[in-house]
$ cat query17.txt   # compact mmCIF, C-alpha atoms
# COMPACT_ATOMS: atom_id res chain seq x y z
CA MET A 492 -8.52 78.53 -107.52
CA ALA A 493 -11.95 79.01 -105.92
CA ALA A 494 -13.09 75.47 -106.81
CA PRO A 495 -10.10 73.62 -105.22
CA LEU A 496 -10.40 75.80 -102.10
CA THR A 497 -14.13 75.08 -101.83
CA LEU A 498 -13.46 71.33 -102.22
CA LEU A 499 -10.75 71.52 -99.53
CA LEU A 500 -13.11 73.31 -97.15
CA LEU A 501 -15.84 70.71 -97.75
CA VAL A 502 -13.42 67.84 -97.05
CA ALA A 503 -12.11 69.53 -93.89
CA VAL A 504 -15.59 70.32 -92.55
CA THR A 505 -16.85 66.80 -93.34
CA LEU A 506 -13.86 65.22 -91.59
CA ARG A 507 -14.38 67.30 -88.45
CA ALA A 508 -18.13 66.69 -88.42
CA ALA A 509 -17.55 62.92 -88.75
CA LEU A 510 -15.11 62.95 -85.82
CA PHE A 511 -17.58 64.93 -83.70
CA ARG A 512 -20.34 62.45 -84.53
CA ALA A 513 -18.02 59.57 -83.64
CA GLY A 514 -17.99 60.84 -80.06
CA LEU A 515 -14.23 61.36 -79.85
CA THR A 516 -14.46 64.78 -78.18
CA ASP A 517 -14.29 63.47 -74.60
CA LEU A 518 -11.32 61.24 -75.42
CA ILE A 519 -9.28 63.89 -77.26
CA SER A 520 -10.18 66.75 -74.90
CA GLY A 521 -8.46 64.83 -72.11
CA ARG A 522 -5.11 64.85 -73.90
CA VAL A 523 -2.61 67.26 -72.33
CA GLU A 524 -0.94 67.76 -75.72
CA VAL A 525 -4.15 69.10 -77.25
CA VAL A 526 -5.62 71.25 -74.46
CA SER A 527 -4.17 73.29 -71.62
CA PRO A 528 -5.63 74.79 -68.43
CA LEU A 529 -6.25 77.93 -70.49
CA THR A 530 -7.93 76.41 -73.54
CA ALA A 531 -9.75 73.30 -72.24
CA TRP A 532 -13.43 73.13 -73.18
CA LYS A 533 -14.30 71.42 -69.87
CA ARG A 534 -13.11 74.53 -68.03
CA VAL A 535 -15.23 76.74 -70.30
CA VAL A 536 -18.28 74.59 -69.42
CA GLU A 537 -17.44 74.99 -65.70
CA GLY A 538 -17.19 78.75 -66.17
CA LEU A 539 -20.56 78.83 -67.94
CA ALA A 540 -22.15 76.84 -65.10
CA LEU A 541 -20.85 79.34 -62.53
CA LEU A 542 -22.04 82.25 -64.69
CA ASP A 543 -25.54 80.76 -64.92
CA LEU A 544 -25.61 80.46 -61.13
CA GLY A 545 -24.80 84.16 -60.79
CA VAL A 546 -21.28 83.46 -59.50
CA SER A 547 -18.17 84.98 -61.07
CA PRO A 548 -16.49 82.31 -63.23
CA TYR A 549 -13.15 83.59 -61.89
CA SER A 550 -14.06 83.05 -58.24
CA GLY A 551 -12.31 79.66 -58.19
CA ASP A 552 -9.23 78.28 -59.89
CA VAL A 553 -10.99 76.55 -62.77
CA PHE A 554 -11.71 79.05 -65.54
CA HIS A 555 -8.89 81.12 -67.04
CA GLU A 556 -10.23 82.22 -70.42
CA THR A 557 -11.16 85.83 -71.18
CA PRO A 558 -14.63 87.27 -70.47
CA LEU A 559 -15.38 87.71 -74.18
CA ILE A 560 -14.90 83.97 -74.73
CA ILE A 561 -17.26 82.94 -71.95
CA TYR A 562 -19.93 85.42 -73.04
CA LEU A 563 -19.53 84.28 -76.64
CA PHE A 564 -20.27 80.70 -75.64
CA HIS A 565 -23.00 81.84 -73.26
CA PHE A 566 -24.99 82.40 -76.46
CA LEU A 567 -23.37 79.77 -78.71
CA VAL A 568 -22.92 76.85 -76.30
CA ASP A 569 -25.50 74.79 -78.21
CA TYR A 570 -23.58 75.45 -81.44
CA ALA A 571 -20.08 74.98 -80.01
CA GLU A 572 -19.05 72.33 -82.54
CA ILE A 573 -20.10 74.53 -85.46
CA THR A 574 -18.27 77.48 -83.89
CA PHE A 575 -14.95 75.60 -83.69
CA ILE A 576 -15.30 74.24 -87.23
CA LEU A 577 -16.10 77.75 -88.46
CA ALA A 578 -13.04 79.13 -86.63
CA ASP A 579 -10.80 76.69 -88.54
CA VAL A 580 -12.45 77.63 -91.83
CA ILE A 581 -11.99 81.36 -91.14
CA THR A 582 -8.32 80.78 -90.25
CA ALA A 583 -7.66 78.80 -93.43
CA VAL A 584 -9.43 81.28 -95.71
CA ALA A 585 -7.68 84.24 -94.06
CA LEU A 586 -4.27 82.57 -94.49
CA TYR A 587 -5.14 81.67 -98.09
CA LEU A 588 -6.03 85.27 -98.96
CA ALA A 589 -3.04 86.68 -97.06
CA VAL A 590 -0.52 84.42 -98.78
CA LYS A 591 -2.13 85.04 -102.17
CA ASP A 592 -1.71 88.80 -101.75
CA TYR A 593 1.81 88.39 -100.36
CA ASN A 594 2.86 86.26 -103.35
CA LYS A 595 1.62 88.94 -105.73
CA GLN A 596 3.77 91.51 -103.98
CA VAL A 597 6.81 89.19 -103.96
CA PHE A 598 6.43 88.53 -107.69
CA ARG A 599 6.03 92.24 -108.43
CA LYS A 600 9.21 93.14 -106.49
CA GLN A 601 11.07 90.27 -108.13
CA ARG A 602 10.02 91.44 -111.60
CA TYR A 603 11.19 95.01 -110.91
CA ALA A 604 14.52 93.68 -109.63
CA LEU A 605 14.97 91.55 -112.76
CA GLU A 606 14.17 94.50 -115.02
CA ALA A 607 16.72 96.59 -113.14
CA ASP A 608 19.38 93.79 -113.39
CA ARG A 609 19.81 93.66 -109.61
CA TYR A 610 20.29 89.88 -109.53
CA PRO A 611 23.55 88.20 -110.60
CA LEU A 612 23.15 86.06 -113.71
CA ASP A 613 24.07 82.80 -111.97
CA CYS A 614 21.25 83.06 -109.42
CA LEU A 615 18.37 83.02 -111.90
CA GLU A 616 17.72 79.37 -111.03
CA ILE A 617 16.65 80.35 -107.49
CA ILE A 618 14.23 83.03 -108.73
CA ARG A 619 10.62 82.07 -108.01
CA SER A 620 8.35 81.41 -111.00
CA PRO A 621 4.62 82.24 -111.24
CA LYS A 622 3.83 78.55 -111.83
CA GLU A 623 5.65 77.59 -108.65
CA MET A 624 3.86 80.26 -106.61
CA TYR A 625 0.36 79.65 -108.00
CA TYR A 626 -0.64 76.77 -105.73
CA ILE A 627 1.12 77.99 -102.57
CA PRO A 628 -2.01 79.70 -101.06
CA LEU A 629 -3.99 76.47 -101.51
CA LYS A 630 -1.15 74.46 -99.94
CA VAL A 631 -1.14 76.82 -96.94
CA ALA A 632 -4.89 76.30 -96.42
CA MET A 633 -4.38 72.54 -96.84
CA PHE A 634 -1.47 72.47 -94.39
CA TYR A 635 -3.68 74.12 -91.80
CA LEU A 636 -7.00 72.35 -92.36
CA LEU A 637 -5.66 68.82 -92.84
CA ASN A 638 -2.91 69.01 -90.23
CA PRO A 639 -3.65 66.34 -87.56
CA PHE A 640 -2.72 68.90 -84.89
CA THR A 641 -5.43 71.29 -86.15
CA ILE A 642 -8.00 68.52 -86.42
CA LEU A 643 -7.30 67.26 -82.90
CA SER A 644 -7.51 70.79 -81.51
CA CYS A 645 -10.86 71.38 -83.24
CA VAL A 646 -12.41 68.06 -82.16
CA ALA A 647 -11.25 68.66 -78.58
CA MET A 648 -12.96 72.10 -78.84
CA SER A 649 -9.83 73.85 -77.64
CA THR A 650 -10.20 77.64 -77.64
CA CYS A 651 -6.74 77.75 -79.26
CA GLY A 652 -8.63 77.51 -82.56
CA LEU A 653 -10.36 80.82 -81.85
CA ASN A 654 -7.01 82.44 -81.01
CA ASN A 655 -5.58 81.16 -84.29
CA ALA A 656 -8.52 82.68 -86.18
CA VAL A 657 -7.88 86.09 -84.63
CA ILE A 658 -4.15 85.93 -85.44
CA ALA A 659 -4.92 84.83 -89.02
CA LEU A 660 -7.27 87.81 -89.46
CA PHE A 661 -4.55 90.07 -88.06
CA ILE A 662 -2.06 88.69 -90.63
CA LEU A 663 -4.60 89.16 -93.45
CA SER A 664 -5.36 92.75 -92.40
CA THR A 665 -1.65 93.56 -92.15
CA ILE A 666 -0.76 92.11 -95.56
CA LYS A 667 -3.73 93.89 -97.13
CA GLY A 668 -2.34 97.13 -95.65
CA ASN A 669 -5.37 97.94 -93.48
CA VAL A 670 -3.77 99.72 -90.50
CA LEU A 671 -6.92 100.01 -88.39
CA LEU A 672 -8.03 96.37 -88.72
CA SER A 673 -4.46 95.21 -88.14
CA ALA A 674 -4.33 97.14 -84.85
CA ILE A 675 -7.79 95.91 -83.79
CA PHE A 676 -7.06 92.22 -84.43
CA LEU A 677 -3.61 92.50 -82.83
CA SER A 678 -5.19 94.01 -79.72
CA LEU A 679 -7.76 91.20 -79.67
CA ALA A 680 -5.00 88.58 -80.01
CA THR A 681 -3.02 90.25 -77.21
CA TYR A 682 -6.14 90.39 -75.06
CA GLN A 683 -6.51 86.64 -75.51
CA SER A 684 -3.01 85.54 -74.55
CA ILE A 685 -0.49 88.45 -74.14
CA TYR A 686 2.25 86.84 -76.27
CA PRO A 687 1.00 88.10 -79.70
CA LEU A 688 2.21 91.52 -78.55
CA THR A 689 5.53 90.51 -80.16
CA LEU A 690 3.79 90.55 -83.58
CA CYS A 691 3.55 94.33 -83.31
CA ALA A 692 7.12 94.73 -84.66
CA PRO A 693 6.62 92.81 -87.96
CA ALA A 694 3.22 94.48 -88.44
CA LEU A 695 4.78 97.94 -88.16
CA LEU A 696 7.66 97.02 -90.46
CA TYR A 697 5.31 95.61 -93.10
CA LEU A 698 2.84 98.50 -93.00
CA MET A 699 5.64 101.06 -93.21
CA GLN A 700 7.07 99.13 -96.14
CA ARG A 701 3.67 99.25 -97.86
CA GLN A 702 3.45 103.01 -97.36
CA TYR A 703 7.11 103.61 -98.35
CA ILE A 704 8.05 104.96 -94.92
CA PRO A 705 11.77 104.28 -94.29
CA VAL A 706 12.86 102.79 -90.98
CA ASN A 707 14.84 105.82 -89.88
CA PHE A 708 14.84 106.95 -86.25
CA ARG A 709 15.70 110.50 -87.29
CA ARG A 710 12.63 110.98 -89.48
CA ALA A 711 9.44 112.41 -88.03
CA GLY A 712 7.29 110.30 -90.39
CA PHE A 713 8.66 107.10 -88.85
CA TRP A 714 7.69 108.13 -85.32
CA TRP A 715 4.36 109.60 -86.46
CA PHE A 716 3.32 106.28 -88.03
CA ILE A 717 4.34 104.34 -84.90
CA ALA A 718 2.35 106.80 -82.77
CA GLN A 719 -0.73 106.34 -85.01
CA TYR A 720 -0.53 102.55 -84.87
CA ALA A 721 0.13 102.58 -81.10
CA PHE A 722 -2.89 104.86 -80.58
CA MET A 723 -5.19 102.53 -82.58
CA TYR A 724 -3.76 99.43 -80.89
CA LEU A 725 -3.95 100.78 -77.33
CA GLY A 726 -7.35 102.36 -78.01
CA SER A 727 -8.74 99.04 -79.24
CA LEU A 728 -7.23 97.22 -76.28
CA PHE A 729 -8.74 99.77 -73.89
CA VAL A 730 -12.19 99.30 -75.46
CA ILE A 731 -11.93 95.48 -75.26
CA VAL A 732 -10.76 95.55 -71.63
CA GLY A 733 -13.50 98.06 -70.78
CA LEU A 734 -16.12 95.88 -72.46
CA SER A 735 -14.90 92.91 -70.42
CA PHE A 736 -15.31 94.92 -67.22
CA PHE A 737 -18.79 96.03 -68.32
CA LEU A 738 -19.86 92.41 -68.98
CA LEU A 739 -18.34 90.98 -65.82
CA GLY A 740 -18.80 93.89 -63.44
CA SER A 741 -15.38 93.41 -61.85
CA TRP A 742 -11.65 93.15 -62.58
CA ASP A 743 -11.44 89.56 -61.30
CA TYR A 744 -10.44 88.29 -64.71
CA LEU A 745 -7.13 90.20 -64.81
CA PRO A 746 -5.26 88.03 -62.25
CA SER A 747 -7.19 84.91 -63.29
CA VAL A 748 -6.25 85.23 -66.96
CA TYR A 749 -3.04 87.26 -67.32
CA GLY A 750 -1.70 86.53 -63.84
CA PHE A 751 -2.27 82.85 -64.56
CA ILE A 752 -0.37 83.03 -67.88
CA LEU A 753 2.58 84.92 -66.39
CA SER A 754 2.91 83.23 -62.98
CA VAL A 755 2.28 79.64 -64.24
CA PRO A 756 0.67 78.27 -61.04
CA ASP A 757 -0.85 75.20 -62.74
CA LEU A 758 1.94 72.70 -63.48
CA THR A 759 -0.20 70.21 -65.37
CA PRO A 760 2.11 68.45 -67.89
CA ASN A 761 1.97 69.77 -71.45
CA ILE A 762 4.23 70.00 -74.51
CA GLY A 763 5.93 73.14 -73.16
CA LEU A 764 9.10 73.75 -71.21
CA PHE A 765 7.68 75.33 -68.04
CA TRP A 766 5.85 72.59 -66.13
CA TYR A 767 8.68 70.17 -65.27
CA PHE A 768 11.25 72.89 -64.64
CA PHE A 769 9.07 74.72 -62.14
CA ALA A 770 7.82 71.51 -60.53
CA GLU A 771 11.44 70.77 -59.58
CA MET A 772 12.29 74.40 -58.73
CA PHE A 773 13.05 75.58 -55.19
CA GLU A 774 10.46 78.18 -54.26
CA HIS A 775 12.95 80.98 -53.52
CA PHE A 776 14.35 80.71 -57.08
CA ARG A 777 10.92 80.60 -58.74
CA LEU A 778 10.39 84.34 -59.35
CA PHE A 779 13.82 84.81 -60.93
CA PHE A 780 13.50 81.92 -63.37
CA LEU A 781 9.88 82.80 -64.08
CA CYS A 782 11.04 86.25 -65.24
CA VAL A 783 13.82 84.67 -67.32
CA PHE A 784 11.44 82.22 -69.03
CA GLN A 785 8.80 84.86 -69.77
CA ILE A 786 11.26 87.51 -70.98
CA ASN A 787 12.77 84.85 -73.25
CA ILE A 788 9.75 85.04 -75.58
CA PHE A 789 9.89 88.82 -75.93
CA PHE A 790 13.69 89.05 -76.10
CA TYR A 791 14.00 87.50 -79.58
CA THR A 792 11.77 90.19 -81.10
CA ILE A 793 14.51 92.85 -81.14
CA PRO A 794 17.36 90.94 -82.86
CA LEU A 795 14.98 89.23 -85.30
CA SER A 796 13.37 92.57 -86.20
CA ILE A 797 16.79 94.12 -86.86
CA LYS A 798 17.92 91.22 -89.04
CA LEU A 799 14.62 90.77 -90.91
CA LYS A 800 13.45 94.38 -91.15
CA GLU A 801 13.22 94.04 -94.94
CA HIS A 802 11.26 90.77 -94.69
CA PRO A 803 8.45 91.29 -92.14
CA VAL A 804 6.30 88.36 -93.33
CA PHE A 805 9.11 85.91 -92.64
CA LEU A 806 9.52 87.69 -89.30
CA ILE A 807 5.84 86.97 -88.52
CA PHE A 808 6.50 83.28 -89.22
CA MET A 809 9.53 83.30 -86.90
CA GLN A 810 7.65 85.10 -84.13
CA LEU A 811 4.71 82.68 -84.30
CA ALA A 812 7.14 79.78 -83.99
CA VAL A 813 8.93 81.37 -81.01
CA ILE A 814 5.59 81.97 -79.26
CA SER A 815 4.41 78.39 -79.80
CA ILE A 816 7.67 76.96 -78.42
CA PHE A 817 8.29 79.20 -75.42
CA LYS A 818 4.82 80.20 -74.18
CA SER A 819 3.79 78.96 -70.75
CA TYR A 820 0.87 76.74 -71.83
CA PRO A 821 1.42 75.62 -75.45
CA THR A 822 -0.72 73.10 -77.33
CA VAL A 823 -0.46 71.39 -80.70
CA GLY A 824 -2.92 73.96 -82.09
CA ASP A 825 -0.27 76.68 -81.67
CA ILE A 826 2.23 74.61 -83.64
CA ALA A 827 -0.27 74.03 -86.45
CA LEU A 828 -0.57 77.78 -87.10
CA TYR A 829 3.09 78.46 -87.85
CA MET A 830 3.51 75.13 -89.68
CA ALA A 831 0.81 76.27 -92.12
CA PHE A 832 3.36 78.81 -93.42
CA LEU A 833 5.92 76.17 -94.43
CA PRO A 834 4.67 75.96 -98.08
CA VAL A 835 5.31 79.73 -98.40
CA TRP A 836 9.02 78.99 -97.94
CA SER A 837 9.14 75.93 -100.23
CA HIS A 838 11.74 77.73 -102.37
CA LEU A 839 14.18 77.42 -99.45
CA HIS A 840 14.28 73.61 -99.53
CA ARG A 841 17.55 73.44 -101.47
CA PHE A 842 19.27 75.37 -98.67
CA LEU A 843 17.85 73.44 -95.72
CA ARG A 844 20.37 71.23 -93.92
CA ASN A 845 18.47 69.12 -91.37
CA ILE A 846 14.91 68.96 -92.67
CA PHE A 847 14.74 65.13 -92.96
CA LEU A 848 16.16 64.51 -89.49
CA VAL A 849 13.96 67.18 -87.87
CA SER A 850 10.83 65.87 -89.63
CA CYS A 851 11.53 62.34 -88.39
CA VAL A 852 12.09 63.58 -84.83
CA LEU A 853 8.84 65.59 -84.84
CA LEU A 854 6.85 62.62 -86.15
CA ALA A 855 8.45 60.22 -83.66
CA CYS A 856 7.82 62.56 -80.73
CA SER A 857 4.20 63.09 -81.78
CA ALA A 858 3.69 59.32 -81.74
CA LEU A 859 5.52 58.83 -78.44
CA PHE A 860 3.60 61.48 -76.46
CA PRO A 861 0.54 59.28 -75.77
CA VAL A 862 2.72 56.17 -75.29
CA LEU A 863 4.89 57.69 -72.57
CA TRP A 864 1.87 59.36 -70.96
CA HIS A 865 0.18 55.96 -70.70
CA LEU A 866 3.34 54.38 -69.26
CA TRP A 867 3.63 57.16 -66.69
CA ILE A 868 0.01 57.73 -65.59
CA TYR A 869 -1.71 54.39 -66.19
CA ALA A 870 0.89 51.60 -66.34
CA GLY A 871 3.14 53.13 -63.67
CA SER A 872 6.23 51.75 -65.41
CA ALA A 873 7.66 55.21 -66.23
CA ASN A 874 7.82 58.59 -64.53
CA SER A 875 7.67 62.29 -65.37
CA ASN A 876 11.29 62.27 -66.57
CA PHE A 877 10.34 60.09 -69.54
CA TYR A 878 7.52 62.38 -70.61
CA TYR A 879 9.56 65.54 -70.15
CA ALA A 880 12.43 64.01 -72.13
CA ILE A 881 10.20 63.54 -75.17
CA THR A 882 8.76 67.04 -74.62
CA LEU A 883 12.27 68.48 -74.55
CA LEU A 884 13.23 66.60 -77.72
CA PHE A 885 10.05 67.82 -79.45
CA ASN A 886 10.86 71.45 -78.63
CA VAL A 887 14.51 71.08 -79.63
CA ALA A 888 13.31 69.71 -82.98
CA GLN A 889 11.07 72.75 -83.43
CA ILE A 890 13.97 75.08 -82.62
CA LEU A 891 16.16 73.26 -85.15
CA LEU A 892 13.36 73.52 -87.72
CA ILE A 893 12.94 77.28 -87.48
CA SER A 894 16.71 77.79 -87.17
CA ASP A 895 17.17 75.81 -90.39
CA TYR A 896 14.58 77.92 -92.20
CA PHE A 897 16.19 81.08 -90.83
CA TYR A 898 19.59 79.95 -92.12
CA ALA A 899 18.13 78.97 -95.52
CA PHE A 900 16.34 82.31 -95.86
CA LEU A 901 19.48 84.33 -95.08
CA ARG A 902 21.58 82.20 -97.40
CA ARG A 903 19.19 82.67 -100.32
CA GLU A 904 19.14 86.43 -99.74
CA HIS A 905 22.96 86.41 -99.73
CA HIS A 906 23.04 84.51 -103.03
CA LEU A 907 20.54 86.94 -104.60
CA THR A 908 22.98 89.74 -103.78
CA TYR A 909 26.38 88.17 -104.45
CA GLY A 910 25.61 85.27 -106.77
CA LEU A 911 24.95 81.56 -106.36
CA TYR A 912 28.40 80.24 -107.21
CA LEU A 913 30.89 82.24 -105.18
CA LYS A 914 34.53 82.47 -106.24
CA ARG A 915 37.69 83.41 -104.41
CA LYS A 916 40.08 86.01 -105.81
CA ASP A 917 42.20 83.22 -107.31
CA GLY A 918 39.15 81.81 -109.12
CA SER A 919 38.63 78.76 -106.90
CA GLU A 920 35.24 77.90 -105.42
CA ALA A 921 34.45 79.69 -102.14
CA THR A 922 32.56 78.29 -99.16
CA LEU A 923 29.80 80.43 -97.62
CA VAL A 924 29.84 80.62 -93.83
CA LEU A 925 27.05 82.53 -92.11
CA LYS A 926 27.86 83.82 -88.63
$ encode --input "query17.txt" --output "structure tokens"
Amino acid sequence: MAAPLTLLLLVAVTLRAALFRAGLTDLISGRVEVVSPLTAWKRVVEGLALLDLGVSPYSGDVFHETPLIIYLFHFLVDYAEITFILADVITAVALYLAVKDYNKQVFRKQRYALEADRYPLDCLEIIRSPKEMYYIPLKVAMFYLLNPFTILSCVAMSTCGLNNAVIALFILSTIKGNVLLSAIFLSLATYQSIYPLTLCAPALLYLMQRQYIPVNFRRAGFWWFIAQYAFMYLGSLFVIVGLSFFLLGSWDYLPSVYGFILSVPDLTPNIGLFWYFFAEMFEHFRLFFLCVFQINIFFYTIPLSIKLKEHPVFLIFMQLAVISIFKSYPTVGDIALYMAFLPVWSHLHRFLRNIFLVSCVLLACSALFPVLWHLWIYAGSANSNFYYAITLLFNVAQILLISDYFYAFLRREHHLTYGLYLKRKDGSEATLVLK
């Protein structure tokens, strides 16, 4: 498998290098679908210019990235293109290794279940085969590296690519069972954008599963493991925040980064749900709905964790999708990360209900984004309602996509327990209804 992966990496790197040499960075970096006020490279350059002048990059309302990012590019600004290409490579390799290890564990559990006759005889056709699973890690890397969303994000030099690399390393560390590295990378991801905090639940569930610690609130071992992980996570976060203060010499970045993410003061159009809603909002209602929108992202963690406590890797996929849809400043790079996991769930295709329709809607919306933007901003023959309508449809399609996968996953698990062809007591065929 090393040779195909190497070839894939060479193709991906060559494609990105060719696009950089073609001078498309300025064109793509101006697209609101690809960059946001948080991740735009132009804002990083502005922050670097202020830093070189001895002025805090957070003194104005331009730069909203974290101090570690600006000090990273303070040394690597001349190698920025290589840095973003390398970030994509690291993400793809990390996902490849993580999925490869996960598939081994899935196959091992499946083999033990077959030996113990836990599966009904009529559901053997939905059991995953080693041949089917062999190329899935390579497909995951391919889905990430050759996804147009990923390529656009890299060529625009959006810092979303760096965030994706950190999250991918967190997923790899978690699946490998390394508790310390998992906590460190999760704290780094949280430091970058707050929302990855919701990934703490699937990480804990997976690591406890690896160490055979039952999810039982009455057991001391359960709480002891949570306390250990929380200590490593909070300790790492404290060190990172302290390092940021040491580099910057002030706490100016806290309101400029995290206050900016949570309060959403910049209503530049993007592919998210916040900008239009709050542009039309009466000011005295703003705080209430801001709290509702922000809590929305964290709220789903509890019910999803309860339902998927035995399947934490699928829970990670669901949480990544929820973050990319409901965060305050999303970009196409966020979508590319969770879409890279779709090959992992290829065995669910027979249970999906709306995949063709949803795929067509996503493709159509992706094509219509620049068209409606041009009609609104340049031609003047449309207005913000047109652009927000396509944004709303794009997000509804994403919600339908992950809902369909969630339904398919639960249905397959039900069949593995009760059989594929369900019968009523009178022997007639039964219809499965999931509520």
$ residues_around --input "query17.txt" --residues "region 615-632 of chain A" --least-positions-apart "5" --cutoff "8 Å" --atoms "only C-alpha atoms" --output "list of chain:residue names"
A:Met492, A:Pro495, A:Leu496, A:Ala583, A:Val584, A:Leu586, A:Tyr587, A:Leu588, A:Val590, A:Lys591, A:Asn594, A:Phe598, A:Gln601, A:Tyr610, A:Ala831, A:Phe832, A:Leu833, A:Pro834, A:Val835, A:His838, A:Arg903
$ write_last_selection --input "query17.txt" --atoms "C-alpha atoms" --output "short mmCIF file (atom, residue, chain, number, x, y, z; two decimals), in the frame of the given file"
data_model
loop_
_atom_site.label_atom_id
_atom_site.label_comp_id
_atom_site.auth_asym_id
_atom_site.auth_seq_id
_atom_site.Cartn_x
_atom_site.Cartn_y
_atom_site.Cartn_z
CA MET A 492 -8.52 78.53 -107.52
CA PRO A 495 -10.10 73.62 -105.22
CA LEU A 496 -10.40 75.80 -102.10
CA ALA A 583 -7.66 78.80 -93.43
CA VAL A 584 -9.43 81.28 -95.71
CA LEU A 586 -4.27 82.57 -94.49
CA TYR A 587 -5.14 81.67 -98.09
CA LEU A 588 -6.03 85.27 -98.96
CA VAL A 590 -0.52 84.42 -98.78
CA LYS A 591 -2.13 85.04 -102.17
CA ASN A 594 2.86 86.26 -103.35
CA PHE A 598 6.43 88.53 -107.69
CA GLN A 601 11.07 90.27 -108.13
CA TYR A 610 20.29 89.88 -109.53
CA ALA A 831 0.81 76.27 -92.12
CA PHE A 832 3.36 78.81 -93.42
CA LEU A 833 5.92 76.17 -94.43
CA PRO A 834 4.67 75.96 -98.08
CA VAL A 835 5.31 79.73 -98.40
CA HIS A 838 11.74 77.73 -102.37
CA ARG A 903 19.19 82.67 -100.32
#
$ atom_distance --input "query17.txt" --atom1 "CA of Phe554 (chain A)" --atom2 "CA of Leu758 (chain A)"
15.2 Å
$ closest_atom_pairs --input "query17.txt" --of "region 543-632 of chain A" --to "region 510-514 of chain A" --cutoff "12 Å" --atoms "all atoms listed in the file" --output "JSON lines"
{"residue": "A:Ala571", "atom": "CA", "partner": "A:Phe511", "partner_atom": "CA", "distance": 11.0}
{"residue": "A:Glu572", "atom": "CA", "partner": "A:Phe511", "partner_atom": "CA", "distance": 7.6}
{"residue": "A:Ile573", "atom": "CA", "partner": "A:Phe511", "partner_atom": "CA", "distance": 10.1}
{"residue": "A:Phe575", "atom": "CA", "partner": "A:Phe511", "partner_atom": "CA", "distance": 11.0}
{"residue": "A:Ile576", "atom": "CA", "partner": "A:Phe511", "partner_atom": "CA", "distance": 10.2}
$ closest_residue --input "query17.txt" --among "A:Phe722, A:Leu663, A:Val553, A:Val597" --to "Leu541 (chain A)" --atoms "only C-alpha atoms"
A:Val553
$ closest_residue --input "query17.txt" --among "A:Asp825, A:Asp569, A:Asp592, A:Asp743" --to "Thr650 (chain A)" --atoms "all atoms listed in the file"
A:Asp825
$ atom_distance --input "query17.txt" --atom1 "CA of Lys533 (chain A)" --atom2 "CA of Leu518 (chain A)"
12.0 Å
$ residues_around --input "query17.txt" --residues "region 745-756 of chain A" --least-positions-apart "2" --cutoff "10 Å" --atoms "all atoms listed in the file" --output "number ranges by chain"
A: 528-529, 548-558, 682-686, 732, 735-736, 741-743, 758-759, 765-766, 769-770, 777-778, 781-782, 784-785, 818-820
$ write_last_selection --input "query17.txt" --atoms "C-alpha atoms" --output "mmCIF file, keeping the file's coordinate frame"
data_model
loop_
_atom_site.group_PDB
_atom_site.id
_atom_site.type_symbol
_atom_site.label_atom_id
_atom_site.label_comp_id
_atom_site.auth_asym_id
_atom_site.auth_seq_id
_atom_site.Cartn_x
_atom_site.Cartn_y
_atom_site.Cartn_z
ATOM 1 C CA PRO A 528 -5.630 74.790 -68.430
ATOM 2 C CA LEU A 529 -6.250 77.930 -70.490
ATOM 3 C CA PRO A 548 -16.490 82.310 -63.230
ATOM 4 C CA TYR A 549 -13.150 83.590 -61.890
ATOM 5 C CA SER A 550 -14.060 83.050 -58.240
ATOM 6 C CA GLY A 551 -12.310 79.660 -58.190
ATOM 7 C CA ASP A 552 -9.230 78.280 -59.890
ATOM 8 C CA VAL A 553 -10.990 76.550 -62.770
ATOM 9 C CA PHE A 554 -11.710 79.050 -65.540
ATOM 10 C CA HIS A 555 -8.890 81.120 -67.040
ATOM 11 C CA GLU A 556 -10.230 82.220 -70.420
ATOM 12 C CA THR A 557 -11.160 85.830 -71.180
ATOM 13 C CA PRO A 558 -14.630 87.270 -70.470
ATOM 14 C CA TYR A 682 -6.140 90.390 -75.060
ATOM 15 C CA GLN A 683 -6.510 86.640 -75.510
ATOM 16 C CA SER A 684 -3.010 85.540 -74.550
ATOM 17 C CA ILE A 685 -0.490 88.450 -74.140
ATOM 18 C CA TYR A 686 2.250 86.840 -76.270
ATOM 19 C CA VAL A 732 -10.760 95.550 -71.630
ATOM 20 C CA SER A 735 -14.900 92.910 -70.420
ATOM 21 C CA PHE A 736 -15.310 94.920 -67.220
ATOM 22 C CA SER A 741 -15.380 93.410 -61.850
ATOM 23 C CA TRP A 742 -11.650 93.150 -62.580
ATOM 24 C CA ASP A 743 -11.440 89.560 -61.300
ATOM 25 C CA LEU A 758 1.940 72.700 -63.480
ATOM 26 C CA THR A 759 -0.200 70.210 -65.370
ATOM 27 C CA PHE A 765 7.680 75.330 -68.040
ATOM 28 C CA TRP A 766 5.850 72.590 -66.130
ATOM 29 C CA PHE A 769 9.070 74.720 -62.140
ATOM 30 C CA ALA A 770 7.820 71.510 -60.530
ATOM 31 C CA ARG A 777 10.920 80.600 -58.740
ATOM 32 C CA LEU A 778 10.390 84.340 -59.350
ATOM 33 C CA LEU A 781 9.880 82.800 -64.080
ATOM 34 C CA CYS A 782 11.040 86.250 -65.240
ATOM 35 C CA PHE A 784 11.440 82.220 -69.030
ATOM 36 C CA GLN A 785 8.800 84.860 -69.770
ATOM 37 C CA LYS A 818 4.820 80.200 -74.180
ATOM 38 C CA SER A 819 3.790 78.960 -70.750
ATOM 39 C CA TYR A 820 0.870 76.740 -71.830
#
$ closest_residue --input "query17.txt" --among "A:Ala721, A:Ile519, A:Cys651, A:Leu544" --to "Ser673 (chain A)" --atoms "all atoms listed in the file"
A:Ala721
$ atom_distance --input "query17.txt" --atom1 "CA of Val887 (chain A)" --atom2 "CA of Phe817 (chain A)"
11.1 Å
